[in-house]
$ cat entry30.txt   # compact mmCIF, N, CA and C atoms
# COMPACT_ATOMS: atom_id res chain seq x y z
N MET A 17 -0.86 76.03 48.50
CA MET A 17 -1.25 74.64 48.45
C MET A 17 -2.52 74.41 49.26
N THR A 18 -2.64 75.08 50.39
CA THR A 18 -3.79 74.87 51.27
C THR A 18 -5.10 75.13 50.53
N PHE A 19 -5.15 76.20 49.75
CA PHE A 19 -6.36 76.52 48.99
C PHE A 19 -6.73 75.38 48.05
N TYR A 20 -5.76 74.88 47.30
CA TYR A 20 -6.04 73.82 46.33
C TYR A 20 -6.42 72.51 47.02
N ARG A 21 -5.76 72.22 48.13
CA ARG A 21 -6.03 70.97 48.84
C ARG A 21 -7.32 71.06 49.66
N ASP A 22 -7.43 72.08 50.52
CA ASP A 22 -8.54 72.13 51.47
C ASP A 22 -9.81 72.76 50.90
N THR A 23 -9.68 73.78 50.07
CA THR A 23 -10.86 74.46 49.54
C THR A 23 -11.37 73.81 48.26
N LEU A 24 -10.48 73.51 47.31
CA LEU A 24 -10.90 72.87 46.06
C LEU A 24 -10.99 71.36 46.18
N GLY A 25 -10.36 70.78 47.18
CA GLY A 25 -10.41 69.33 47.37
C GLY A 25 -9.44 68.55 46.52
N PHE A 26 -8.41 69.20 46.00
CA PHE A 26 -7.40 68.51 45.21
C PHE A 26 -6.48 67.71 46.12
N GLU A 27 -5.82 66.71 45.53
CA GLU A 27 -4.82 65.96 46.29
C GLU A 27 -3.44 66.48 45.94
N VAL A 28 -2.54 66.43 46.91
CA VAL A 28 -1.14 66.80 46.68
C VAL A 28 -0.45 65.57 46.14
N ARG A 29 0.18 65.72 44.97
CA ARG A 29 0.83 64.59 44.31
C ARG A 29 2.34 64.61 44.47
N LYS A 30 2.92 65.78 44.45
CA LYS A 30 4.37 65.93 44.64
C LYS A 30 4.63 67.22 45.39
N ASP A 31 5.67 67.20 46.20
CA ASP A 31 6.12 68.39 46.92
C ASP A 31 7.64 68.35 46.86
N VAL A 32 8.22 69.18 45.97
CA VAL A 32 9.64 69.10 45.67
C VAL A 32 10.33 70.41 46.06
N ALA A 33 11.37 70.29 46.86
CA ALA A 33 12.18 71.45 47.20
C ALA A 33 13.42 71.45 46.32
N TYR A 34 13.81 72.64 45.84
CA TYR A 34 15.00 72.74 45.00
C TYR A 34 15.51 74.18 45.04
N GLY A 35 16.73 74.35 45.37
CA GLY A 35 17.35 75.68 45.32
C GLY A 35 16.65 76.72 46.16
N GLY A 36 16.15 76.35 47.31
CA GLY A 36 15.46 77.30 48.18
C GLY A 36 14.02 77.58 47.76
N MET A 37 13.52 76.90 46.76
CA MET A 37 12.13 77.07 46.32
C MET A 37 11.40 75.75 46.44
N ARG A 38 10.11 75.79 46.17
CA ARG A 38 9.27 74.61 46.27
C ARG A 38 8.33 74.55 45.09
N TRP A 39 8.18 73.36 44.51
CA TRP A 39 7.20 73.10 43.47
C TRP A 39 6.25 72.06 44.02
N ILE A 40 4.96 72.34 43.95
CA ILE A 40 3.95 71.41 44.46
C ILE A 40 3.01 71.07 43.31
N THR A 41 2.78 69.79 43.11
CA THR A 41 1.85 69.34 42.07
C THR A 41 0.58 68.87 42.76
N VAL A 42 -0.55 69.42 42.32
CA VAL A 42 -1.86 69.05 42.86
C VAL A 42 -2.76 68.66 41.70
N GLY A 43 -3.84 67.96 42.01
CA GLY A 43 -4.80 67.60 40.97
C GLY A 43 -6.07 67.07 41.58
N PRO A 44 -7.12 67.01 40.78
CA PRO A 44 -8.40 66.51 41.28
C PRO A 44 -8.31 65.02 41.60
N VAL A 45 -8.90 64.65 42.71
CA VAL A 45 -8.93 63.25 43.13
C VAL A 45 -9.60 62.42 42.04
N GLY A 46 -9.00 61.29 41.71
CA GLY A 46 -9.57 60.40 40.71
C GLY A 46 -9.31 60.81 39.27
N GLN A 47 -8.52 61.86 39.06
CA GLN A 47 -8.18 62.31 37.71
C GLN A 47 -6.66 62.46 37.60
N PRO A 48 -5.94 61.34 37.59
CA PRO A 48 -4.47 61.41 37.61
C PRO A 48 -3.85 62.08 36.39
N ALA A 49 -4.57 62.21 35.30
CA ALA A 49 -4.02 62.83 34.09
C ALA A 49 -4.09 64.35 34.13
N THR A 50 -4.77 64.91 35.14
CA THR A 50 -4.91 66.35 35.25
C THR A 50 -4.12 66.84 36.46
N SER A 51 -3.15 67.72 36.22
CA SER A 51 -2.31 68.24 37.30
C SER A 51 -2.06 69.73 37.11
N ILE A 52 -1.84 70.39 38.23
CA ILE A 52 -1.45 71.80 38.24
C ILE A 52 -0.18 71.88 39.07
N VAL A 53 0.85 72.52 38.53
CA VAL A 53 2.09 72.70 39.26
C VAL A 53 2.06 74.10 39.87
N LEU A 54 2.21 74.15 41.18
CA LEU A 54 2.26 75.42 41.90
C LEU A 54 3.73 75.74 42.17
N HIS A 55 4.16 76.91 41.73
CA HIS A 55 5.55 77.32 41.94
C HIS A 55 5.61 78.83 41.96
N PRO A 56 6.69 79.39 42.45
CA PRO A 56 6.80 80.85 42.43
C PRO A 56 6.65 81.35 41.00
N PRO A 57 5.95 82.46 40.79
CA PRO A 57 5.64 82.92 39.44
C PRO A 57 6.84 83.23 38.58
N ALA A 58 7.96 83.54 39.17
CA ALA A 58 9.15 83.88 38.38
C ALA A 58 10.28 82.93 38.73
N ALA A 59 9.98 81.64 38.77
CA ALA A 59 10.96 80.65 39.21
C ALA A 59 12.02 80.34 38.17
N SER A 60 11.79 80.67 36.92
CA SER A 60 12.77 80.38 35.88
C SER A 60 14.04 81.18 36.10
N PRO A 61 15.19 80.55 36.01
CA PRO A 61 16.45 81.28 36.24
C PRO A 61 16.75 82.33 35.17
N GLY A 62 16.14 82.23 33.99
CA GLY A 62 16.44 83.17 32.92
C GLY A 62 15.57 84.42 32.92
N ILE A 63 14.73 84.60 33.93
CA ILE A 63 13.83 85.76 33.96
C ILE A 63 14.56 86.97 34.55
N THR A 64 14.43 88.10 33.86
CA THR A 64 15.07 89.34 34.32
C THR A 64 14.20 90.02 35.38
N GLU A 65 14.78 91.01 36.05
CA GLU A 65 14.02 91.77 37.06
C GLU A 65 12.85 92.50 36.41
N ASP A 66 13.03 93.04 35.20
CA ASP A 66 11.92 93.70 34.50
C ASP A 66 10.79 92.70 34.23
N GLU A 67 11.16 91.50 33.82
CA GLU A 67 10.14 90.47 33.57
C GLU A 67 9.44 90.08 34.86
N ARG A 68 10.18 90.01 35.97
CA ARG A 68 9.56 89.71 37.27
C ARG A 68 8.53 90.77 37.64
N ARG A 69 8.87 92.03 37.42
CA ARG A 69 7.92 93.12 37.70
C ARG A 69 6.68 93.01 36.81
N THR A 70 6.89 92.69 35.54
CA THR A 70 5.77 92.53 34.61
C THR A 70 4.86 91.39 35.06
N ILE A 71 5.46 90.27 35.48
CA ILE A 71 4.67 89.14 35.97
C ILE A 71 3.85 89.57 37.19
N ALA A 72 4.48 90.28 38.13
CA ALA A 72 3.77 90.74 39.32
C ALA A 72 2.61 91.65 38.95
N GLU A 73 2.81 92.55 37.99
CA GLU A 73 1.73 93.43 37.53
C GLU A 73 0.60 92.64 36.88
N MET A 74 0.96 91.66 36.05
CA MET A 74 -0.06 90.85 35.38
C MET A 74 -0.83 90.01 36.40
N MET A 75 -0.15 89.49 37.41
CA MET A 75 -0.84 88.73 38.44
C MET A 75 -1.83 89.62 39.19
N ALA A 76 -1.43 90.85 39.49
CA ALA A 76 -2.30 91.78 40.20
C ALA A 76 -3.57 92.08 39.40
N LYS A 77 -3.46 92.09 38.07
CA LYS A 77 -4.62 92.34 37.22
C LYS A 77 -5.39 91.06 36.89
N GLY A 78 -4.81 89.91 37.24
CA GLY A 78 -5.48 88.64 36.94
C GLY A 78 -5.29 88.19 35.51
N THR A 79 -4.24 88.67 34.86
CA THR A 79 -4.03 88.29 33.46
C THR A 79 -2.82 87.39 33.26
N TYR A 80 -2.13 87.00 34.32
CA TYR A 80 -0.94 86.17 34.17
C TYR A 80 -1.30 84.70 34.02
N GLY A 81 -2.06 84.19 34.94
CA GLY A 81 -2.43 82.78 34.89
C GLY A 81 -3.92 82.61 35.07
N ILE A 82 -4.52 81.82 34.21
CA ILE A 82 -5.95 81.53 34.32
C ILE A 82 -6.11 80.02 34.27
N ILE A 83 -6.88 79.50 35.20
CA ILE A 83 -7.18 78.08 35.25
C ILE A 83 -8.68 77.94 35.03
N THR A 84 -9.08 77.01 34.19
CA THR A 84 -10.50 76.73 34.00
C THR A 84 -10.78 75.31 34.49
N LEU A 85 -11.72 75.21 35.42
CA LEU A 85 -12.13 73.93 35.99
C LEU A 85 -13.59 73.69 35.66
N ALA A 86 -14.06 72.48 35.91
CA ALA A 86 -15.46 72.14 35.67
C ALA A 86 -16.01 71.40 36.88
N THR A 87 -17.29 71.54 37.12
CA THR A 87 -17.96 70.89 38.24
C THR A 87 -19.38 70.50 37.83
N PRO A 88 -19.92 69.43 38.38
CA PRO A 88 -21.30 69.08 38.06
C PRO A 88 -22.31 69.98 38.79
N ASP A 89 -21.89 70.65 39.88
CA ASP A 89 -22.81 71.49 40.67
C ASP A 89 -22.12 72.82 40.99
N LEU A 90 -22.30 73.78 40.11
CA LEU A 90 -21.63 75.07 40.26
C LEU A 90 -22.09 75.80 41.52
N ASP A 91 -23.37 75.74 41.83
CA ASP A 91 -23.87 76.45 43.00
C ASP A 91 -23.25 75.92 44.29
N ALA A 92 -23.16 74.60 44.42
CA ALA A 92 -22.55 74.01 45.62
C ALA A 92 -21.06 74.34 45.69
N THR A 93 -20.38 74.28 44.56
CA THR A 93 -18.95 74.61 44.52
C THR A 93 -18.74 76.06 44.89
N PHE A 94 -19.56 76.95 44.33
CA PHE A 94 -19.44 78.38 44.63
C PHE A 94 -19.71 78.64 46.11
N ALA A 95 -20.73 78.01 46.67
CA ALA A 95 -21.05 78.20 48.09
C ALA A 95 -19.87 77.76 48.97
N ARG A 96 -19.24 76.65 48.62
CA ARG A 96 -18.08 76.17 49.38
C ARG A 96 -16.92 77.18 49.29
N LEU A 97 -16.66 77.69 48.09
CA LEU A 97 -15.59 78.67 47.91
C LEU A 97 -15.89 79.96 48.67
N GLU A 98 -17.11 80.42 48.58
CA GLU A 98 -17.51 81.66 49.25
C GLU A 98 -17.41 81.51 50.77
N SER A 99 -17.88 80.38 51.30
CA SER A 99 -17.83 80.17 52.75
C SER A 99 -16.40 80.03 53.27
N ALA A 100 -15.47 79.65 52.38
CA ALA A 100 -14.07 79.52 52.77
C ALA A 100 -13.34 80.87 52.70
N GLY A 101 -14.05 81.93 52.29
CA GLY A 101 -13.44 83.25 52.22
C GLY A 101 -12.66 83.51 50.95
N THR A 102 -12.90 82.71 49.92
CA THR A 102 -12.22 82.87 48.63
C THR A 102 -12.60 84.21 48.01
N GLU A 103 -11.64 84.88 47.38
CA GLU A 103 -11.93 86.14 46.69
C GLU A 103 -12.81 85.85 45.48
N ILE A 104 -13.99 86.43 45.48
CA ILE A 104 -14.96 86.23 44.40
C ILE A 104 -14.76 87.32 43.35
N VAL A 105 -14.63 86.91 42.10
CA VAL A 105 -14.51 87.84 40.99
C VAL A 105 -15.85 87.96 40.27
N GLN A 106 -16.55 86.82 40.13
CA GLN A 106 -17.84 86.81 39.46
C GLN A 106 -18.69 85.68 40.03
N GLU A 107 -19.90 86.01 40.44
CA GLU A 107 -20.82 85.00 40.93
C GLU A 107 -21.30 84.15 39.75
N PRO A 108 -21.90 82.99 40.01
CA PRO A 108 -22.38 82.14 38.91
C PRO A 108 -23.39 82.86 38.02
N ILE A 109 -23.13 82.81 36.71
CA ILE A 109 -24.05 83.40 35.73
C ILE A 109 -24.03 82.56 34.45
N GLU A 110 -25.08 82.73 33.65
CA GLU A 110 -25.12 82.16 32.30
C GLU A 110 -24.36 83.10 31.39
N GLN A 111 -23.37 82.58 30.70
CA GLN A 111 -22.58 83.40 29.77
C GLN A 111 -23.22 83.35 28.38
N PRO A 112 -23.06 84.42 27.60
CA PRO A 112 -23.65 84.45 26.26
C PRO A 112 -23.03 83.43 25.31
N TYR A 113 -21.87 82.88 25.68
CA TYR A 113 -21.21 81.90 24.82
C TYR A 113 -21.53 80.46 25.21
N GLY A 114 -22.57 80.27 26.03
CA GLY A 114 -23.10 78.93 26.24
C GLY A 114 -22.68 78.17 27.48
N VAL A 115 -21.98 78.79 28.41
CA VAL A 115 -21.64 78.09 29.65
C VAL A 115 -22.17 78.87 30.85
N ARG A 116 -22.38 78.17 31.93
CA ARG A 116 -22.68 78.80 33.21
C ARG A 116 -21.41 78.67 34.03
N ASP A 117 -20.92 79.81 34.54
CA ASP A 117 -19.67 79.77 35.27
C ASP A 117 -19.59 80.84 36.34
N CYS A 118 -18.50 80.75 37.12
CA CYS A 118 -18.15 81.77 38.09
C CYS A 118 -16.65 81.98 38.00
N ALA A 119 -16.14 82.98 38.71
CA ALA A 119 -14.70 83.23 38.71
C ALA A 119 -14.27 83.65 40.11
N VAL A 120 -13.11 83.12 40.52
CA VAL A 120 -12.52 83.43 41.82
C VAL A 120 -11.01 83.62 41.62
N ARG A 121 -10.35 84.06 42.67
CA ARG A 121 -8.88 84.15 42.65
C ARG A 121 -8.32 83.25 43.73
N ASP A 122 -7.22 82.58 43.40
CA ASP A 122 -6.53 81.82 44.43
C ASP A 122 -5.71 82.80 45.28
N PRO A 123 -5.14 82.36 46.39
CA PRO A 123 -4.41 83.28 47.26
C PRO A 123 -3.23 83.99 46.59
N SER A 124 -2.72 83.47 45.47
CA SER A 124 -1.62 84.13 44.76
C SER A 124 -2.13 85.13 43.73
N GLY A 125 -3.44 85.19 43.53
CA GLY A 125 -4.01 86.14 42.58
C GLY A 125 -4.35 85.56 41.24
N ASN A 126 -4.11 84.25 41.03
CA ASN A 126 -4.46 83.62 39.75
C ASN A 126 -5.97 83.52 39.61
N LEU A 127 -6.45 83.81 38.42
CA LEU A 127 -7.88 83.73 38.13
C LEU A 127 -8.27 82.28 37.87
N ILE A 128 -9.34 81.84 38.52
CA ILE A 128 -9.87 80.51 38.30
C ILE A 128 -11.32 80.65 37.86
N ARG A 129 -11.63 80.16 36.67
CA ARG A 129 -12.99 80.13 36.17
C ARG A 129 -13.50 78.70 36.37
N ILE A 130 -14.73 78.59 36.83
CA ILE A 130 -15.31 77.26 37.06
C ILE A 130 -16.60 77.16 36.28
N ASN A 131 -16.63 76.20 35.35
CA ASN A 131 -17.80 75.96 34.50
C ASN A 131 -18.64 74.84 35.08
N GLN A 132 -19.94 74.92 34.85
CA GLN A 132 -20.80 73.82 35.22
C GLN A 132 -20.90 72.85 34.07
N LEU A 133 -20.65 71.57 34.37
CA LEU A 133 -20.78 70.54 33.33
C LEU A 133 -22.23 70.44 32.89
N ARG A 134 -22.44 70.21 31.62
CA ARG A 134 -23.82 70.08 31.09
C ARG A 134 -24.15 68.62 30.92
$ encode --input "entry30.txt" --output "structure tokens"
Amino acid sequence: MTFYRDTLGFEVRKDVAYGGMRWITVGPVGQPATSIVLHPPAASPGITEDERRTIAEMMAKGTYGIITLATPDLDATFARLESAGTEIVQEPIEQPYGVRDCAVRDPSGNLIRINQLR
């Protein structure tokens, strides 16, 4: 939660404890229709141990969860993330498919791509 609140500047909307776990809902300030729920990656009760291992492997490779965000100033956003010690996957570049973006990982290993608004 700290990364999303303090580094990305999101607000905490809900913090719910249940069954020894916690679900936290965060979102960008001023955008109440956009939310991200943070929860343990294998929180579903129907997940098997094999599935939990697969999820852990996918998270380690950055293929389990990907979030795409947008910002009006990619360079300033990237500088803030870098100065906060965020794991950098890709510095800001122009992509051949028409966007300028960067990529980082949150502390849980989820890949976050950030596009610059045009």
$ select_by_dssp --input "entry30.txt" --residues "segment 43-102 of chain A" --states "strand (DSSP E or B)" --output "PDB file with N, CA and C atoms, in the coordinates of the input"
ATOM      1  N   GLY A  43      -3.840  67.960  42.010  1.00  0.00           N
ATOM      2  CA  GLY A  43      -4.800  67.600  40.970  1.00  0.00           C
ATOM      3  C   GLY A  43      -6.070  67.070  41.580  1.00  0.00           C
ATOM      4  N   PRO A  44      -7.120  67.010  40.780  1.00  0.00           N
ATOM      5  CA  PRO A  44      -8.400  66.510  41.280  1.00  0.00           C
ATOM      6  C   PRO A  44      -8.310  65.020  41.600  1.00  0.00           C
ATOM      7  N   ILE A  52      -1.840  70.390  38.230  1.00  0.00           N
ATOM      8  CA  ILE A  52      -1.450  71.800  38.240  1.00  0.00           C
ATOM      9  C   ILE A  52      -0.180  71.880  39.070  1.00  0.00           C
ATOM     10  N   VAL A  53       0.850  72.520  38.530  1.00  0.00           N
ATOM     11  CA  VAL A  53       2.090  72.700  39.260  1.00  0.00           C
ATOM     12  C   VAL A  53       2.060  74.100  39.870  1.00  0.00           C
ATOM     13  N   LEU A  54       2.210  74.150  41.180  1.00  0.00           N
ATOM     14  CA  LEU A  54       2.260  75.420  41.900  1.00  0.00           C
ATOM     15  C   LEU A  54       3.730  75.740  42.170  1.00  0.00           C
ATOM     16  N   ILE A  82      -4.520  81.820  34.210  1.00  0.00           N
ATOM     17  CA  ILE A  82      -5.950  81.530  34.320  1.00  0.00           C
ATOM     18  C   ILE A  82      -6.110  80.020  34.270  1.00  0.00           C
ATOM     19  N   ILE A  83      -6.880  79.500  35.200  1.00  0.00           N
ATOM     20  CA  ILE A  83      -7.180  78.080  35.250  1.00  0.00           C
ATOM     21  C   ILE A  83      -8.680  77.940  35.030  1.00  0.00           C
ATOM     22  N   THR A  84      -9.080  77.010  34.190  1.00  0.00           N
ATOM     23  CA  THR A  84     -10.500  76.730  34.000  1.00  0.00           C
ATOM     24  C   THR A  84     -10.780  75.310  34.490  1.00  0.00           C
ATOM     25  N   LEU A  85     -11.720  75.210  35.420  1.00  0.00           N
ATOM     26  CA  LEU A  85     -12.130  73.930  35.990  1.00  0.00           C
ATOM     27  C   LEU A  85     -13.590  73.690  35.660  1.00  0.00           C
ATOM     28  N   ALA A  86     -14.060  72.480  35.910  1.00  0.00           N
ATOM     29  CA  ALA A  86     -15.460  72.140  35.670  1.00  0.00           C
ATOM     30  C   ALA A  86     -16.010  71.400  36.880  1.00  0.00           C
ATOM     31  N   THR A  87     -17.290  71.540  37.120  1.00  0.00           N
ATOM     32  CA  THR A  87     -17.960  70.890  38.240  1.00  0.00           C
ATOM     33  C   THR A  87     -19.380  70.500  37.830  1.00  0.00           C
TER      34      THR A  87
END
$ atom_distance --input "entry30.txt" --atom1 "atom N of Ile82 of chain A" --atom2 "atom CA of Pro61 of chain A"
21.1 Å
$ residues_around --input "entry30.txt" --residues "Ala76 of chain A" --least-positions-apart "3" --cutoff "8 Å" --atoms "only N, CA and C atoms" --output "JSON list (two decimals) with N, CA and C atoms, keeping the file's coordinate frame"
[["chain", "number", "residue", "atom", "x", "y", "z"],
["A", 70, "THR", "N", 6.89, 92.69, 35.54],
["A", 70, "THR", "CA", 5.77, 92.53, 34.61],
["A", 70, "THR", "C", 4.86, 91.39, 35.06],
["A", 71, "ILE", "N", 5.46, 90.27, 35.48],
["A", 71, "ILE", "CA", 4.67, 89.14, 35.97],
["A", 71, "ILE", "C", 3.85, 89.57, 37.19],
["A", 72, "ALA", "N", 4.48, 90.28, 38.13],
["A", 72, "ALA", "CA", 3.77, 90.74, 39.32],
["A", 72, "ALA", "C", 2.61, 91.65, 38.95],
["A", 73, "GLU", "N", 2.81, 92.55, 37.99],
["A", 73, "GLU", "CA", 1.73, 93.43, 37.53],
["A", 73, "GLU", "C", 0.60, 92.64, 36.88],
["A", 79, "THR", "N", -4.24, 88.67, 34.86],
["A", 79, "THR", "CA", -4.03, 88.29, 33.46],
["A", 79, "THR", "C", -2.82, 87.39, 33.26],
["A", 80, "TYR", "N", -2.13, 87.00, 34.32],
["A", 80, "TYR", "CA", -0.94, 86.17, 34.17],
["A", 80, "TYR", "C", -1.30, 84.70, 34.02],
["A", 124, "SER", "N", -2.72, 83.47, 45.47],
["A", 124, "SER", "CA", -1.62, 84.13, 44.76],
["A", 124, "SER", "C", -2.13, 85.13, 43.73],
["A", 125, "GLY", "N", -3.44, 85.19, 43.53],
["A", 125, "GLY", "CA", -4.01, 86.14, 42.58],
["A", 125, "GLY", "C", -4.35, 85.56, 41.24],
["A", 126, "ASN", "N", -4.11, 84.25, 41.03],
["A", 126, "ASN", "CA", -4.46, 83.62, 39.75],
["A", 126, "ASN", "C", -5.97, 83.52, 39.61]]
$ atom_distance --input "entry30.txt" --atom1 "atom N of Arg29 of chain A" --atom2 "atom N of Cys118 of chain A"
25.2 Å
$ residues_around --input "entry30.txt" --residues "Gln106 of chain A" --least-positions-apart "3" --cutoff "9 Å" --atoms "only C-alpha atoms" --output "VMD selection string"
chain A and resid 109 117 to 120 129
$ write_last_selection --input "entry30.txt" --atoms "N, CA and C atoms" --output "PDB file, in the frame of the given file"
ATOM      1  N   ILE A 109     -23.130  82.810  36.710  1.00  0.00           N
ATOM      2  CA  ILE A 109     -24.050  83.400  35.730  1.00  0.00           C
ATOM      3  C   ILE A 109     -24.030  82.560  34.450  1.00  0.00           C
ATOM      4  N   ASP A 117     -20.920  79.810  34.540  1.00  0.00           N
ATOM      5  CA  ASP A 117     -19.670  79.770  35.270  1.00  0.00           C
ATOM      6  C   ASP A 117     -19.590  80.840  36.340  1.00  0.00           C
ATOM      7  N   CYS A 118     -18.500  80.750  37.120  1.00  0.00           N
ATOM      8  CA  CYS A 118     -18.150  81.770  38.090  1.00  0.00           C
ATOM      9  C   CYS A 118     -16.650  81.980  38.000  1.00  0.00           C
ATOM     10  N   ALA A 119     -16.140  82.980  38.710  1.00  0.00           N
ATOM     11  CA  ALA A 119     -14.700  83.230  38.710  1.00  0.00           C
ATOM     12  C   ALA A 119     -14.270  83.650  40.110  1.00  0.00           C
ATOM     13  N   VAL A 120     -13.110  83.120  40.520  1.00  0.00           N
ATOM     14  CA  VAL A 120     -12.520  83.430  41.820  1.00  0.00           C
ATOM     15  C   VAL A 120     -11.010  83.620  41.620  1.00  0.00           C
ATOM     16  N   ARG A 129     -11.630  80.160  36.670  1.00  0.00           N
ATOM     17  CA  ARG A 129     -12.990  80.130  36.170  1.00  0.00           C
ATOM     18  C   ARG A 129     -13.500  78.700  36.370  1.00  0.00           C
TER      19      ARG A 129
END
$ atom_distance --input "entry30.txt" --atom1 "atom CA of Met17 of chain A" --atom2 "atom CA of Pro56 of chain A"
11.8 Å
$ select_by_dssp --input "entry30.txt" --residues "segment 74-108 of chain A" --states "helix (DSSP H, G or I)" --output "PyMOL selection string"
chain A and resi 74-77+90-99
$ closest_residue --input "entry30.txt" --among "A:Thr23, A:Ile83, A:Tyr34, A:Asp66" --to "Ser51 of chain A" --atoms "only C-alpha atoms"
A:Ile83
